[in-house]
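*Asks:* Attaching a single structure in structure tokens format; questions to follow.
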Amino acid sequence: MLMATFSFYNQIEISECPSNFCNLQEKIKELYFLKQYQVEKSIISYMDEENEVHYIFNDEQYDKVIPIVEKVILKIELLPEDTYLTFAPLLYEQSNIIKENVRAKKDDKIIHFGIKCSLCKCENIEGIRFLCGICHDFNICQKCE
């Protein structure tokens with residue numbers, strides 16, 4: 001049985017490793033007595049051996065953690081209520097800034113020139129670009145999302 005170490009604002013808990021991302025969220029809710037909306041608005045991350053921070057948002061990313069889960073600490077942080085992600089104002093107010101970094105390809109695919117995926121490290125993100133509303137310069141390509 002794999003054991004995982006969780007850190008929630010320096011409150012450390014060790015528990016059985018959840019089998020998937022949904023169970024991970026449930027385990028966090030159970031360990032720290034959080035409400036469902038708090039867990040949904042949390043950031044889960046870990047630091048690898050090269051001191052690089054990795055974020056966990058779905059099953060695919062969590063599957064990469066399971067083989068090393070006993071060697072890392074899963075860090076849980078809640079987003080402050082006033083910084084919960086809202087996309088409507090961004091699309092309207094910053095659309096000109098976003099358009100400057102986007103170029104259309106011949107086959108009508110969108111390329112975000114000069115933007116690097118924070119997970120797979122590909123340059124010039126092609127297709128949909130996912131932004132973190134909290135982290136500075138954290139972008140995810142369509143494939144990683």
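Going through the structure tokens in order, the chains are called A, B, and so on, while each chain numbers its residues from 1 and the ligands are numbered from 1 in the order shown.
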I'd like the contact shell of Ile56 (chain A) - 6 Å cut-off, only C-alpha atoms, skipping same-chain residues fewer than 5 positions apart - returned as a list of chain:residue names.

*Replies:* A:Ile44, A:Ser45, A:Gln61, A:Tyr62

*Asks:* Set the distance at 12 Å and use only C-alpha atoms: which residues neighbour Ile12 (chain A) once local chain neighbours fewer than 4 positions away are removed? I'd like the list as a ChimeraX atom specification.

*Replies:* /A:4-8,28,31-32,73-76

*Asks:* Quick one: write out the picked residues with C-alpha atoms as a PDB file, in the first residue's frame?

*Replies:*
ATOM      1  CA  ALA A   4       1.177   9.859   0.571  1.00  0.00           C
ATOM      2  CA  THR A   5       2.223  12.915   2.562  1.00  0.00           C
ATOM      3  CA  PHE A   6      -0.056  15.944   2.378  1.00  0.00           C
ATOM      4  CA  SER A   7       0.757  19.491   3.434  1.00  0.00           C
ATOM      5  CA  PHE A   8      -2.010  22.027   3.950  1.00  0.00           C
ATOM      6  CA  ILE A  28      -8.016  16.202   0.958  1.00  0.00           C
ATOM      7  CA  LEU A  31      -8.144  15.040   6.009  1.00  0.00           C
ATOM      8  CA  TYR A  32      -8.565  18.793   6.407  1.00  0.00           C
ATOM      9  CA  ILE A  73       4.873  16.013  -0.503  1.00  0.00           C
ATOM     10  CA  LEU A  74       1.550  16.918  -2.070  1.00  0.00           C
ATOM     11  CA  LYS A  75       1.006  20.575  -1.241  1.00  0.00           C
ATOM     12  CA  ILE A  76      -2.559  21.878  -1.035  1.00  0.00           C
TER      13      ILE A  76
END

*Asks:* In Å to one decimal, how far is CA of Cys22 (chain A) from CA of Arg129 (chain A)?

*Replies:*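 Computing the Euclidean distance for CA of Arg129 (chain A) and CA of Cys22 (chain A) yields 23.9 Å.
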
*Asks:* Quick one: residues within 10 Å of Gln36 (chain A), only C-alpha atoms, excluding same-chain residues fewer than 5 positions away - as a short mmCIF file (atom, residue, chain, number, x, y, z; two decimals) with C-alpha atoms, in the first residue's frame?

*Replies:*
data_model
loop_
_atom_site.label_atom_id
_atom_site.label_comp_id
_atom_site.auth_asym_id
_atom_site.auth_seq_id
_atom_site.Cartn_x
_atom_site.Cartn_y
_atom_site.Cartn_z
CA GLN A 25 -9.81 15.54 -3.83
CA GLU A 26 -12.04 13.50 -1.52
CA ILE A 28 -8.02 16.20 0.96
CA LYS A 29 -11.59 17.10 1.92
CA LYS A 41 -10.88 25.89 -5.75
#

*Asks:* Would you please work out which residue, of A:His54, A:Lys121, A:Lys71, A:Lys35, is nearest to Met3 (chain A) when using only C-alpha atoms?

*Replies:*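 The answer is A:Lys71, which sits nearest to Met3 (chain A).
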
*Asks:* Near Val53 (chain A), counting only C-alpha atoms, which residues have an atom at most 10 Å away, once you skip same-chain residues fewer than 6 positions from it, shown as a PDB file with N, CA and C atoms, in the first residue's frame?

*Replies:*
ATOM      1  N   SER A  45      -0.028  20.705  -5.725  1.00  0.00           N
ATOM      2  CA  SER A  45       1.267  20.703  -6.411  1.00  0.00           C
ATOM      3  C   SER A  45       2.258  19.832  -5.651  1.00  0.00           C
ATOM      4  N   TYR A  46       3.396  19.585  -6.276  1.00  0.00           N
ATOM      5  CA  TYR A  46       4.508  18.906  -5.616  1.00  0.00           C
ATOM      6  C   TYR A  46       5.799  19.381  -6.266  1.00  0.00           C
ATOM      7  N   MET A  47       6.893  19.219  -5.553  1.00  0.00           N
ATOM      8  CA  MET A  47       8.205  19.615  -6.061  1.00  0.00           C
ATOM      9  C   MET A  47       9.004  18.343  -6.350  1.00  0.00           C
ATOM     10  N   SER A 118       3.867  25.108 -19.673  1.00  0.00           N
ATOM     11  CA  SER A 118       4.551  24.904 -18.398  1.00  0.00           C
ATOM     12  C   SER A 118       4.715  23.425 -18.050  1.00  0.00           C
ATOM     13  N   LEU A 119       3.975  22.542 -18.715  1.00  0.00           N
ATOM     14  CA  LEU A 119       4.069  21.116 -18.398  1.00  0.00           C
ATOM     15  C   LEU A 119       4.986  20.367 -19.366  1.00  0.00           C
TER      16      LEU A 119
END

*Asks:* Name the closest residue to Leu2 (chain A) among the candidates A:Asp59, A:Glu70, A:Glu49, A:Glu40; distances are taken between atoms, counting only C-alpha atoms.

*Replies:* A:Glu70

*Asks:* Mind giving me the straight-line distance from CA of Phe130 (chain A) to CA of Val39 (chain A) in Å, one decimal?

*Replies:*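 Interatomic distance here is 20.2 Å.
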
*Asks:* When you draw a straight line from CA of Gly127 (chain A) to CA of Asn139 (chain A), how long is it in Å?

*Replies:*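 So the answer is 12.4 Å.
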
*Asks:* Considering only C-alpha atoms, state which residue in the set A:Asn20, A:Gln11, A:Gln142, A:Ser42 is at the smallest distance from Lys64 (chain A).

*Replies:*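 Going through A:Asn20, A:Gln11, A:Gln142, A:Ser42 one by one, the smallest distance to Lys64 (chain A) is for A:Asn20.
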
*Asks:* Rank A:Val69, A:Leu131, A:Asn51, A:Gln38 by their smallest atom-to-atom distance to Met1 (chain A), using only C-alpha atoms, and report the top residue only.

*Replies:*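 The shortest atom-to-atom distance to Met1 (chain A) comes from A:Val69.
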